[in-house]
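**Student:** Sharing model-v7.cif here; it has mmCIF, C-alpha atoms.
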data_query
#
loop_
_atom_site.group_PDB
_atom_site.id
_atom_site.type_symbol
_atom_site.label_atom_id
_atom_site.label_comp_id
_atom_site.auth_asym_id
_atom_site.auth_seq_id
_atom_site.Cartn_x
_atom_site.Cartn_y
_atom_site.Cartn_z
ATOM 1 C CA MET A 1 23.601 -9.738 22.299
ATOM 2 C CA THR A 2 22.625 -6.641 20.440
ATOM 3 C CA GLY A 3 20.674 -8.171 17.561
ATOM 4 C CA LEU A 4 20.270 -7.141 13.949
ATOM 5 C CA ARG A 5 19.296 -3.711 12.651
ATOM 6 C CA TYR A 6 15.845 -3.268 11.127
ATOM 7 C CA VAL A 7 15.794 -0.069 9.065
ATOM 8 C CA TYR A 8 12.482 1.791 8.596
ATOM 9 C CA ALA A 9 13.535 4.863 6.708
ATOM 10 C CA VAL A 10 16.236 7.304 5.794
ATOM 11 C CA CYS A 11 15.651 10.997 6.529
ATOM 12 C CA ARG A 12 17.357 14.334 6.711
ATOM 13 C CA PRO A 13 18.282 15.174 10.315
ATOM 14 C CA PHE A 14 15.268 16.594 12.152
ATOM 15 C CA GLY A 15 15.161 18.666 15.327
ATOM 16 C CA THR A 16 11.955 17.395 16.906
ATOM 17 C CA PRO A 17 12.330 14.263 19.048
ATOM 18 C CA LEU A 18 10.117 11.261 18.339
ATOM 19 C CA GLN A 19 7.371 10.447 20.837
ATOM 20 C CA ALA A 20 9.027 8.863 23.880
ATOM 21 C CA GLN A 21 6.567 5.958 24.095
ATOM 22 C CA LEU A 22 6.865 5.006 20.410
ATOM 23 C CA THR A 23 7.730 1.347 19.914
ATOM 24 C CA GLY A 24 8.767 -0.228 16.673
ATOM 25 C CA VAL A 25 9.129 -3.723 15.275
ATOM 26 C CA GLY A 26 9.526 -6.334 18.001
ATOM 27 C CA GLY A 27 8.697 -3.715 20.645
ATOM 28 C CA ASP A 28 12.073 -2.013 20.320
ATOM 29 C CA PRO A 29 11.971 1.805 20.289
ATOM 30 C CA PRO A 30 13.190 3.294 16.999
ATOM 31 C CA ARG A 31 16.662 4.803 17.266
ATOM 32 C CA LEU A 32 18.390 7.372 15.114
ATOM 33 C CA LEU A 33 21.611 6.416 13.405
ATOM 34 C CA PRO A 34 23.135 9.510 11.810
ATOM 35 C CA HIS A 35 25.653 9.212 9.030
ATOM 36 C CA HIS A 36 27.002 12.209 7.126
ATOM 37 C CA ASP A 37 23.982 14.442 6.503
ATOM 38 C CA LEU A 38 21.444 11.613 6.628
ATOM 39 C CA VAL A 39 19.779 9.690 9.441
ATOM 40 C CA ALA A 40 18.697 6.058 9.350
ATOM 41 C CA VAL A 41 15.847 5.134 11.689
ATOM 42 C CA VAL A 42 16.482 1.644 13.074
ATOM 43 C CA SER A 43 15.323 -0.856 15.670
ATOM 44 C CA HIS A 44 17.346 -3.650 17.216
ATOM 45 C CA VAL A 45 15.660 -6.937 16.365
ATOM 46 C CA PRO A 46 16.505 -10.510 17.394
ATOM 47 C CA GLU A 47 18.442 -12.665 14.987
ATOM 48 C CA ALA A 48 16.157 -15.588 15.802
ATOM 49 C CA ASP A 49 13.286 -13.804 14.021
ATOM 50 C CA PHE A 50 14.973 -11.527 11.516
ATOM 51 C CA ALA A 51 17.879 -13.451 10.045
ATOM 52 C CA GLU A 52 17.241 -14.469 6.446
ATOM 53 C CA GLU A 53 15.734 -17.908 7.052
ATOM 54 C CA PRO A 54 13.383 -17.125 9.952
ATOM 55 C CA LEU A 55 12.290 -13.889 8.269
ATOM 56 C CA ARG A 56 11.450 -15.732 5.077
ATOM 57 C CA ALA A 57 9.313 -18.165 7.058
ATOM 58 C CA HIS A 58 7.677 -15.415 9.121
ATOM 59 C CA LEU A 59 6.651 -13.432 6.037
ATOM 60 C CA GLU A 60 4.176 -16.178 5.206
ATOM 61 C CA ASP A 61 2.608 -15.980 8.646
ATOM 62 C CA LEU A 62 -0.173 -13.444 8.310
ATOM 63 C CA ASP A 63 -0.367 -12.615 12.044
ATOM 64 C CA TRP A 64 3.360 -12.054 12.278
ATOM 65 C CA LEU A 65 3.414 -10.000 9.093
ATOM 66 C CA THR A 66 0.484 -7.907 10.336
ATOM 67 C CA ALA A 67 2.250 -7.080 13.601
ATOM 68 C CA VAL A 68 5.459 -6.093 11.801
ATOM 69 C CA ALA A 69 3.590 -4.089 9.166
ATOM 70 C CA ARG A 70 1.649 -2.144 11.816
ATOM 71 C CA ALA A 71 4.793 -1.465 13.829
ATOM 72 C CA HIS A 72 6.670 -0.386 10.702
ATOM 73 C CA GLN A 73 3.831 1.908 9.689
ATOM 74 C CA GLY A 74 3.614 3.315 13.247
ATOM 75 C CA VAL A 75 7.216 4.456 13.062
ATOM 76 C CA ILE A 76 6.846 5.880 9.545
ATOM 77 C CA ASP A 77 3.712 7.752 10.660
ATOM 78 C CA ALA A 78 5.544 9.220 13.629
ATOM 79 C CA LEU A 79 8.377 10.299 11.332
ATOM 80 C CA THR A 80 5.891 11.865 8.948
ATOM 81 C CA THR A 81 4.757 14.265 11.669
ATOM 82 C CA VAL A 82 8.290 15.641 12.116
ATOM 83 C CA THR A 83 9.953 15.234 8.706
ATOM 84 C CA THR A 84 9.550 13.712 5.221
ATOM 85 C CA PRO A 85 10.895 10.164 5.564
ATOM 86 C CA LEU A 86 12.087 8.008 2.698
ATOM 87 C CA PRO A 87 10.573 4.641 3.661
ATOM 88 C CA LEU A 88 12.433 1.405 2.964
ATOM 89 C CA ARG A 89 10.784 -1.854 1.951
ATOM 90 C CA LEU A 90 9.408 -3.863 4.874
ATOM 91 C CA GLY A 91 11.962 -6.347 6.172
ATOM 92 C CA THR A 92 15.175 -4.472 5.365
ATOM 93 C CA VAL A 93 17.664 -5.824 7.895
ATOM 94 C CA PHE A 94 21.402 -5.347 8.438
ATOM 95 C CA ARG A 95 23.933 -7.196 10.517
ATOM 96 C CA ASP A 96 24.987 -4.178 12.601
ATOM 97 C CA ASP A 97 25.245 -0.386 12.684
ATOM 98 C CA SER A 98 28.263 -0.368 10.469
ATOM 99 C CA GLY A 99 26.325 -2.339 7.825
ATOM 100 C CA VAL A 100 23.689 0.399 7.873
ATOM 101 C CA ARG A 101 26.357 3.108 7.555
ATOM 102 C CA THR A 102 27.991 1.329 4.623
ATOM 103 C CA MET A 103 24.601 1.097 2.908
ATOM 104 C CA ILE A 104 23.953 4.820 3.402
ATOM 105 C CA GLU A 105 27.387 5.646 2.107
ATOM 106 C CA ALA A 106 26.864 3.586 -1.034
ATOM 107 C CA ARG A 107 23.552 5.262 -1.820
ATOM 108 C CA GLU A 108 23.725 8.694 -0.300
ATOM 109 C CA GLU A 109 23.574 10.592 -3.583
ATOM 110 C CA SER A 110 20.417 8.761 -4.586
ATOM 111 C CA PHE A 111 18.889 9.152 -1.103
ATOM 112 C CA ARG A 112 19.477 12.897 -1.202
ATOM 113 C CA ARG A 113 17.950 13.240 -4.648
ATOM 114 C CA THR A 114 14.879 11.257 -3.673
ATOM 115 C CA LEU A 115 14.476 13.079 -0.363
ATOM 116 C CA ASP A 116 14.595 16.401 -2.230
ATOM 117 C CA ARG A 117 11.967 15.181 -4.669
ATOM 118 C CA LEU A 118 9.661 14.019 -1.855
ATOM 119 C CA GLU A 119 10.210 16.894 0.576
ATOM 120 C CA GLY A 120 6.858 18.237 1.778
ATOM 121 C CA ARG A 121 4.887 15.706 -0.289
ATOM 122 C CA VAL A 122 2.516 12.977 0.842
ATOM 123 C CA GLU A 123 0.893 10.067 -0.908
ATOM 124 C CA TRP A 124 -2.868 9.603 -1.263
ATOM 125 C CA GLY A 125 -4.411 6.307 -2.270
ATOM 126 C CA VAL A 126 -7.572 6.237 -4.383
ATOM 127 C CA LYS A 127 -9.509 3.088 -5.192
ATOM 128 C CA VAL A 128 -12.557 2.628 -7.389
ATOM 129 C CA TYR A 129 -14.873 -0.337 -6.889
ATOM 130 C CA VAL A 130 -17.700 -1.653 -9.003
ATOM 131 C CA GLU A 131 -20.425 -2.937 -6.757
ATOM 132 C CA SER A 132 -21.689 -6.438 -7.444
ATOM 133 C CA GLY A 133 -24.206 -6.596 -10.241
ATOM 134 C CA PRO A 134 -27.892 -7.014 -9.464
ATOM 135 C CA GLU A 135 -27.836 -10.737 -10.243
ATOM 136 C CA GLU A 136 -25.118 -11.329 -7.668
ATOM 137 C CA ARG A 137 -26.894 -9.466 -4.919
ATOM 138 C CA ALA A 138 -29.126 -11.146 -2.409
ATOM 139 C CA PRO A 139 -32.036 -11.105 -2.114
ATOM 140 C CA ALA A 140 -32.807 -10.889 -5.789
ATOM 141 C CA PRO A 141 -35.058 -8.011 -6.843
ATOM 142 C CA PRO A 142 -38.692 -9.079 -7.079
ATOM 143 C CA ALA A 143 -38.575 -9.810 -10.777
ATOM 144 C CA PRO A 144 -41.793 -11.263 -12.070
ATOM 145 C CA ARG A 145 -41.687 -15.028 -12.190
ATOM 146 C CA PRO A 146 -40.797 -15.984 -15.742
ATOM 147 C CA ALA A 147 -43.875 -17.371 -17.373
ATOM 148 C CA SER A 148 -41.908 -19.159 -20.048
ATOM 149 C CA GLY A 149 -38.406 -20.069 -21.085
ATOM 150 C CA ARG A 150 -38.402 -17.097 -23.377
ATOM 151 C CA ASP A 151 -39.282 -14.745 -20.502
ATOM 152 C CA TYR A 152 -36.530 -16.250 -18.448
ATOM 153 C CA LEU A 153 -33.942 -15.692 -21.154
ATOM 154 C CA ARG A 154 -35.125 -12.134 -21.661
ATOM 155 C CA GLN A 155 -34.678 -11.416 -17.955
ATOM 156 C CA ARG A 156 -31.200 -12.899 -18.015
ATOM 157 C CA ARG A 157 -30.289 -10.805 -21.035
ATOM 158 C CA THR A 158 -31.492 -7.594 -19.400
ATOM 159 C CA ALA A 159 -29.522 -8.345 -16.253
ATOM 160 C CA SER A 160 -26.328 -9.095 -18.129
ATOM 161 C CA ARG A 161 -26.753 -5.987 -20.282
ATOM 162 C CA ALA A 162 -27.103 -3.902 -17.128
ATOM 163 C CA GLN A 163 -23.895 -5.434 -15.804
ATOM 164 C CA ASP A 164 -21.987 -4.749 -19.045
ATOM 165 C CA ASP A 165 -23.215 -1.187 -18.918
ATOM 166 C CA LEU A 166 -22.035 -0.812 -15.333
ATOM 167 C CA TRP A 167 -18.572 -2.094 -16.271
ATOM 168 C CA ARG A 168 -18.335 0.328 -19.166
ATOM 169 C CA ARG A 169 -19.395 3.222 -16.967
ATOM 170 C CA ALA A 170 -16.907 2.168 -14.287
ATOM 171 C CA GLU A 171 -14.079 2.034 -16.792
ATOM 172 C CA ASN A 172 -14.882 5.500 -18.118
ATOM 173 C CA PHE A 173 -15.350 6.820 -14.617
ATOM 174 C CA ALA A 174 -11.986 5.454 -13.426
ATOM 175 C CA THR A 175 -10.176 6.834 -16.480
ATOM 176 C CA ARG A 176 -11.677 10.281 -16.018
ATOM 177 C CA LEU A 177 -11.027 10.262 -12.275
ATOM 178 C CA HIS A 178 -7.395 9.304 -12.802
ATOM 179 C CA GLU A 179 -6.961 12.129 -15.325
ATOM 180 C CA THR A 180 -8.579 14.672 -13.021
ATOM 181 C CA LEU A 181 -6.538 13.637 -10.017
ATOM 182 C CA SER A 182 -3.289 13.464 -11.967
ATOM 183 C CA GLU A 183 -3.776 17.137 -12.833
ATOM 184 C CA CYS A 184 -3.382 18.157 -9.224
ATOM 185 C CA ALA A 185 -0.729 15.572 -8.341
ATOM 186 C CA GLU A 186 2.978 15.703 -9.130
ATOM 187 C CA ASP A 187 3.212 12.030 -9.905
ATOM 188 C CA SER A 188 1.052 8.924 -9.873
ATOM 189 C CA ARG A 189 1.362 5.144 -9.793
ATOM 190 C CA ILE A 190 -1.183 2.527 -10.699
ATOM 191 C CA HIS A 191 -1.041 -0.478 -8.388
ATOM 192 C CA ALA A 192 -2.481 -3.891 -9.165
ATOM 193 C CA PRO A 193 -6.164 -4.136 -8.207
ATOM 194 C CA GLN A 194 -6.632 -5.590 -4.749
ATOM 195 C CA ASN A 195 -7.711 -9.148 -4.241
ATOM 196 C CA PRO A 196 -11.218 -9.033 -2.736
ATOM 197 C CA ALA A 197 -10.505 -12.117 -0.621
ATOM 198 C CA LEU A 198 -7.635 -10.324 1.063
ATOM 199 C CA SER A 199 -9.211 -6.898 1.337
ATOM 200 C CA GLY A 200 -12.651 -8.077 2.412
ATOM 201 C CA ALA A 201 -14.025 -5.117 0.457
ATOM 202 C CA SER A 202 -17.299 -5.553 -1.353
ATOM 203 C CA GLY A 203 -17.348 -5.109 -5.090
ATOM 204 C CA ARG A 204 -14.494 -5.432 -7.510
ATOM 205 C CA ASN A 205 -11.487 -3.128 -7.387
ATOM 206 C CA VAL A 206 -10.983 -1.567 -10.830
ATOM 207 C CA LEU A 207 -8.597 1.278 -9.985
ATOM 208 C CA ASN A 208 -5.946 1.221 -7.276
ATOM 209 C CA ALA A 209 -3.815 4.320 -7.696
ATOM 210 C CA ALA A 210 -1.392 6.394 -5.641
ATOM 211 C CA TYR A 211 -0.825 10.126 -6.076
ATOM 212 C CA LEU A 212 2.081 12.248 -4.893
ATOM 213 C CA VAL A 213 0.688 15.552 -3.649
ATOM 214 C CA PRO A 214 2.330 18.509 -1.883
ATOM 215 C CA ARG A 215 1.013 18.806 1.670
ATOM 216 C CA THR A 216 -0.138 22.323 0.895
ATOM 217 C CA GLN A 217 -2.384 21.040 -1.906
ATOM 218 C CA SER A 218 -3.698 18.023 -0.066
ATOM 219 C CA GLU A 219 -6.908 19.723 0.970
ATOM 220 C CA GLU A 220 -7.743 20.556 -2.622
ATOM 221 C CA PHE A 221 -6.891 17.008 -3.686
ATOM 222 C CA VAL A 222 -9.159 15.480 -1.038
ATOM 223 C CA GLU A 223 -11.996 17.816 -2.031
ATOM 224 C CA ARG A 224 -11.592 16.770 -5.632
ATOM 225 C CA VAL A 225 -11.940 13.129 -4.642
ATOM 226 C CA ASP A 226 -14.933 13.897 -2.430
ATOM 227 C CA ARG A 227 -16.723 15.659 -5.261
ATOM 228 C CA THR A 228 -16.587 12.535 -7.407
ATOM 229 C CA LYS A 229 -18.014 10.293 -4.741
ATOM 230 C CA ASP A 230 -21.717 10.701 -5.422
ATOM 231 C CA GLY A 231 -23.570 10.559 -8.625
ATOM 232 C CA GLU A 232 -22.379 7.274 -10.100
ATOM 233 C CA PRO A 233 -24.646 4.496 -8.902
ATOM 234 C CA GLY A 234 -22.929 1.147 -8.527
ATOM 235 C CA ILE A 235 -19.455 2.730 -8.339
ATOM 236 C CA ARG A 236 -17.636 3.421 -5.084
ATOM 237 C CA VAL A 237 -14.564 5.587 -4.489
ATOM 238 C CA GLU A 238 -12.297 5.128 -1.478
ATOM 239 C CA LEU A 239 -9.557 7.470 -0.322
ATOM 240 C CA THR A 240 -6.685 6.493 1.995
ATOM 241 C CA GLY A 241 -3.922 8.656 3.383
ATOM 242 C CA PRO A 242 -2.027 10.750 3.837
ATOM 243 C CA TRP A 243 0.765 8.173 3.547
ATOM 244 C CA ALA A 244 4.502 8.629 3.504
ATOM 245 C CA ALA A 245 5.514 8.453 -0.158
ATOM 246 C CA TYR A 246 5.930 4.656 -0.242
ATOM 247 C CA SER A 247 4.900 4.317 -3.872
ATOM 248 C CA PHE A 248 7.299 7.033 -5.003
ATOM 249 C CA ALA A 249 10.398 5.983 -3.104
ATOM 250 C CA GLY A 250 12.062 4.383 -6.139
ATOM 251 C CA GLU A 251 14.527 6.332 -8.224
ATOM 252 C CA GLU A 252 13.010 7.950 -11.286
ATOM 253 C CA THR A 253 16.208 7.850 -13.287
ATOM 254 C CA SER A 254 16.290 4.182 -14.246
ATOM 255 C CA GLY A 255 14.217 3.684 -17.397
ATOM 256 C CA GLU A 256 12.074 0.933 -15.978
ATOM 257 C CA GLU A 257 10.715 3.097 -13.198
ATOM 258 C CA GLU A 258 8.944 5.134 -15.829
ATOM 259 C CA ARG A 259 6.714 2.277 -16.840
ATOM 260 C CA MET B 1 -5.981 15.422 9.068
ATOM 261 C CA THR B 2 -3.710 13.889 11.670
ATOM 262 C CA VAL B 3 -2.552 10.381 12.317
ATOM 263 C CA VAL B 4 -4.650 10.189 15.465
ATOM 264 C CA GLU B 5 -7.909 11.003 13.712
ATOM 265 C CA ARG B 6 -7.492 8.227 11.229
ATOM 266 C CA ARG B 7 -9.343 4.954 11.590
ATOM 267 C CA GLU B 8 -7.274 1.813 11.534
ATOM 268 C CA ILE B 9 -5.713 1.258 8.151
ATOM 269 C CA ALA B 10 -6.812 -1.822 6.270
ATOM 270 C CA LEU B 11 -4.075 -4.444 6.208
ATOM 271 C CA VAL B 12 -4.310 -4.811 2.462
ATOM 272 C CA ASP B 13 -3.657 -1.096 1.921
ATOM 273 C CA LEU B 14 -0.714 -1.318 4.262
ATOM 274 C CA LEU B 15 0.751 -4.327 2.446
ATOM 275 C CA ASP B 16 0.245 -2.622 -0.910
ATOM 276 C CA ARG B 17 2.716 -0.046 0.293
ATOM 277 C CA LEU B 18 5.053 -1.889 2.626
ATOM 278 C CA LEU B 19 5.579 -4.903 0.348
ATOM 279 C CA ALA B 20 5.380 -3.195 -3.025
ATOM 280 C CA GLY B 21 6.662 0.282 -2.178
ATOM 281 C CA GLY B 22 9.614 1.710 -0.296
ATOM 282 C CA VAL B 23 13.239 1.669 -1.309
ATOM 283 C CA VAL B 24 14.557 -1.800 -2.083
ATOM 284 C CA ILE B 25 18.112 -2.227 -0.848
ATOM 285 C CA THR B 26 19.987 -4.989 -2.612
ATOM 286 C CA GLY B 27 23.585 -4.330 -1.625
ATOM 287 C CA ASP B 28 25.923 -7.167 -0.650
ATOM 288 C CA ILE B 29 26.093 -5.921 2.887
ATOM 289 C CA THR B 30 22.430 -6.573 3.542
ATOM 290 C CA LEU B 31 21.091 -9.982 4.322
ATOM 291 C CA ARG B 32 19.448 -9.811 0.902
ATOM 292 C CA ILE B 33 15.985 -10.533 2.147
ATOM 293 C CA ALA B 34 14.352 -7.490 0.675
ATOM 294 C CA ASP B 35 14.380 -8.157 -3.019
ATOM 295 C CA VAL B 36 11.235 -7.757 -5.018
ATOM 296 C CA ASP B 37 10.855 -11.334 -6.192
ATOM 297 C CA LEU B 38 10.852 -12.724 -2.691
ATOM 298 C CA VAL B 39 8.207 -10.267 -1.651
ATOM 299 C CA ARG B 40 6.022 -11.127 -4.636
ATOM 300 C CA ILE B 41 6.279 -14.819 -3.882
ATOM 301 C CA ASP B 42 5.425 -14.325 -0.252
ATOM 302 C CA LEU B 43 2.479 -12.130 -1.051
ATOM 303 C CA ASN B 44 1.129 -14.782 -3.375
ATOM 304 C CA ALA B 45 1.560 -17.413 -0.694
ATOM 305 C CA LEU B 46 -0.268 -15.100 1.638
ATOM 306 C CA ILE B 47 -3.162 -14.521 -0.687
ATOM 307 C CA SER B 48 -3.577 -18.213 -1.326
ATOM 308 C CA SER B 49 -3.471 -18.954 2.389
ATOM 309 C CA VAL B 50 -6.171 -16.379 2.961
ATOM 310 C CA ASN B 51 -8.168 -17.751 0.047
ATOM 311 C CA ALA B 52 -8.080 -21.193 1.597
ATOM 312 C CA GLN B 53 -9.867 -19.850 4.676
ATOM 313 C CA VAL B 54 -12.240 -17.432 3.018
ATOM 314 C CA PRO B 55 -14.314 -18.844 0.172
ATOM 315 C CA SER B 56 -13.900 -16.858 -2.999
ATOM 316 C CA PRO B 57 -16.838 -14.633 -3.905
ATOM 317 C CA PHE B 58 -16.371 -15.676 -7.550
ATOM 318 C CA GLU B 59 -16.820 -19.399 -7.018
ATOM 319 C CA GLU B 60 -19.906 -19.495 -9.218
ATOM 320 C CA VAL B 61 -17.727 -19.014 -12.300
ATOM 321 C CA SER B 62 -16.843 -22.707 -12.227
ATOM 322 C CA ARG B 63 -20.367 -23.945 -12.684
#
What is this structure when it is put down as structure tokens?
**Tutor:**
Amino acid sequence: MTGLRYVYAVCRPFGTPLQAQLTGVGGDPPRLLPHHDLVAVVSHVPEADFAEEPLRAHLEDLDWLTAVARAHQGVIDALTTVTTPLPLRLGTVFRDDSGVRTMIEAREESFRRTLDRLEGRVEWGVKVYVESGPEERAPAPPAPRPASGRDYLRQRRTASRAQDDLWRRAENFATRLHETLSECAEDSRIHAPQNPALSGASGRNVLNAAYLVPRTQSEEFVERVDRTKDGEPGIRVELTGPWAAYSFAGEETSGEEER
Amino acid sequence: MTVVERREIALVDLLDRLLAGGVVITGDITLRIADVDLVRIDLNALISSVNAQVPSPFEEVSR
């Protein structure tokens, strides 16, 4: 049995071969499936895991999802070193090669347009966190023992005022940072803030943005982010990337993409 | 910066992109497993399953 086809990305044909030892989802090496002037990058995956029902069940298994996500990303990363891939959503599976070809045929105009728009661009992720307020930190600062109820309330009020102030500063900081970074990016997307339980990151995520930046301007972009990193106590900036342009893979033409 | 120099990517950053980004193919010829709603639902299930294991840092809200 030959299995189903897991599709990672669609690209323009590229001359450089992929690393020989590269393995994809399920340990299967990614293969190139050319059609017209486009190439789909696919792996053969077992029906027992990737047909609709088992896949649906697997997606709720964090270990399984992690392995597939890492393998998917490994292939996209490898593609990024030789071309500008248009990544597909994780878990895009077809019955056979001819299903993949039919899909390309149905969407080739849109693929070409998007590939042109993304050519030579990468995505950078920027997140802003507000560190936990002083009252949430342990051990508590050596505040003088409240001598009375009134003292106690005054201390509480000061602490909560400091926290409000931090939030206000963080909001202003994130707004300014987003404006500054948007100036040297071609496009941007704001993602939902990350759940701290899932990310394990300390502090609360107040900005989770993606920026589309030409490779040639990436250095300048990274420097811009670096320059903002110090100077704002209680606020942390994190940069990830360069990524393939995952957040910008949708078509711009449909009105709802603009929102 | 090359791929090799990079430290391992946090899973949550990866999922932000792989489950919320990328081209969504919804043609009849696919197995139709890649539509946005499904992914949202699964991500929620995932977050709640993680939450069940890791106590929330904001528990104190419910005094």
**Student:** Mind giving me the straight-line distance from CA of Val126 in chain A to CA of Ala209 in chain A in Å, one decimal?
**Tutor:** 5.4 Å
**Student:** Which residue, A:Arg236, A:Arg150, A:Arg227, A:Arg215, has the smallest gap to chain B when you use all atoms listed in the file?
**Tutor:**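 Answer, going by the shortest atom-to-atom distance: A:Arg215.
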**Student:** Just the residues within 8 Å of Ala71 in chain A, please, counting all atoms listed in the file, with nothing from its chain fewer than 6 positions along; format it as a list in words.
**Tutor:** Thr23, Gly24, Val25 and Gly26 of chain A
**Student:** So that I have them on file, write out the residues from the current selection with C-alpha atoms, as a PDB file, in the frame of the given file.
**Tutor:**
ATOM      1  CA  THR A  23       7.730   1.347  19.914  1.00  0.00           C
ATOM      2  CA  GLY A  24       8.767  -0.228  16.673  1.00  0.00           C
ATOM      3  CA  VAL A  25       9.129  -3.723  15.275  1.00  0.00           C
ATOM      4  CA  GLY A  26       9.526  -6.334  18.001  1.00  0.00           C
TER       5      GLY A  26
END
**Student:** Could you tell me which residues the PyMOL selection byres ((chain A) within 6 of (chain B)) returns for this structure, as a PyMOL selection string?
**Tutor:** chain A and resi 52+60+87-90+92+94+199+246-247+249-250
**Student:** What is the CA of His35 in chain A to CA of Asp96 in chain A distance in Å?
**Tutor:**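 About the pair CA of His35 in chain A and CA of Asp96 in chain A: they are 13.9 Å apart.
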**Student:** Skip Val82 in chain A itself and residues of its chain fewer than 6 positions away, then list as a list of chain:residue names all residues within 9 Å of it, counting all atoms listed in the file.
**Tutor:**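 In the requested format, the answer is A:Phe14, A:Gly15, A:Thr16, A:Pro17, A:Leu18.
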**Student:** Restricting it to C-alpha atoms, dump the selection as a PDB file, in the coordinates of the input.
**Tutor:**
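File written: out_22.pdb
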ATOM      1  CA  PHE A  14      15.268  16.594  12.152  1.00  0.00           C
ATOM      2  CA  GLY A  15      15.161  18.666  15.327  1.00  0.00           C
ATOM      3  CA  THR A  16      11.955  17.395  16.906  1.00  0.00           C
ATOM      4  CA  PRO A  17      12.330  14.263  19.048  1.00  0.00           C
ATOM      5  CA  LEU A  18      10.117  11.261  18.339  1.00  0.00           C
TER       6      LEU A  18
END
**Student:** Would you work out the distance separating CA of Leu115 in chain A from CA of Leu86 in chain A, expressed in Å to one decimal?
**Tutor:**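 It comes out at 6.4 Å.
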**Student:** Considering all atoms listed in the file, can you say which of A:Ala69, A:Val213, A:Asp77, A:Ser43 comes closest to Gln19 in chain A?
**Tutor:**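 Distance minimum relative to Gln19 in chain A lands on A:Asp77.
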**Student:** Compare A:Gly99, A:Pro242, A:Gly125, A:Gly231 by their minimum atom-to-atom distance to Ser218 in chain A, counting all atoms listed in the file, and give me the closest one.
**Tutor:**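 Once distances to Ser218 in chain A are computed over all atoms listed in the file, the minimum belongs to A:Pro242.
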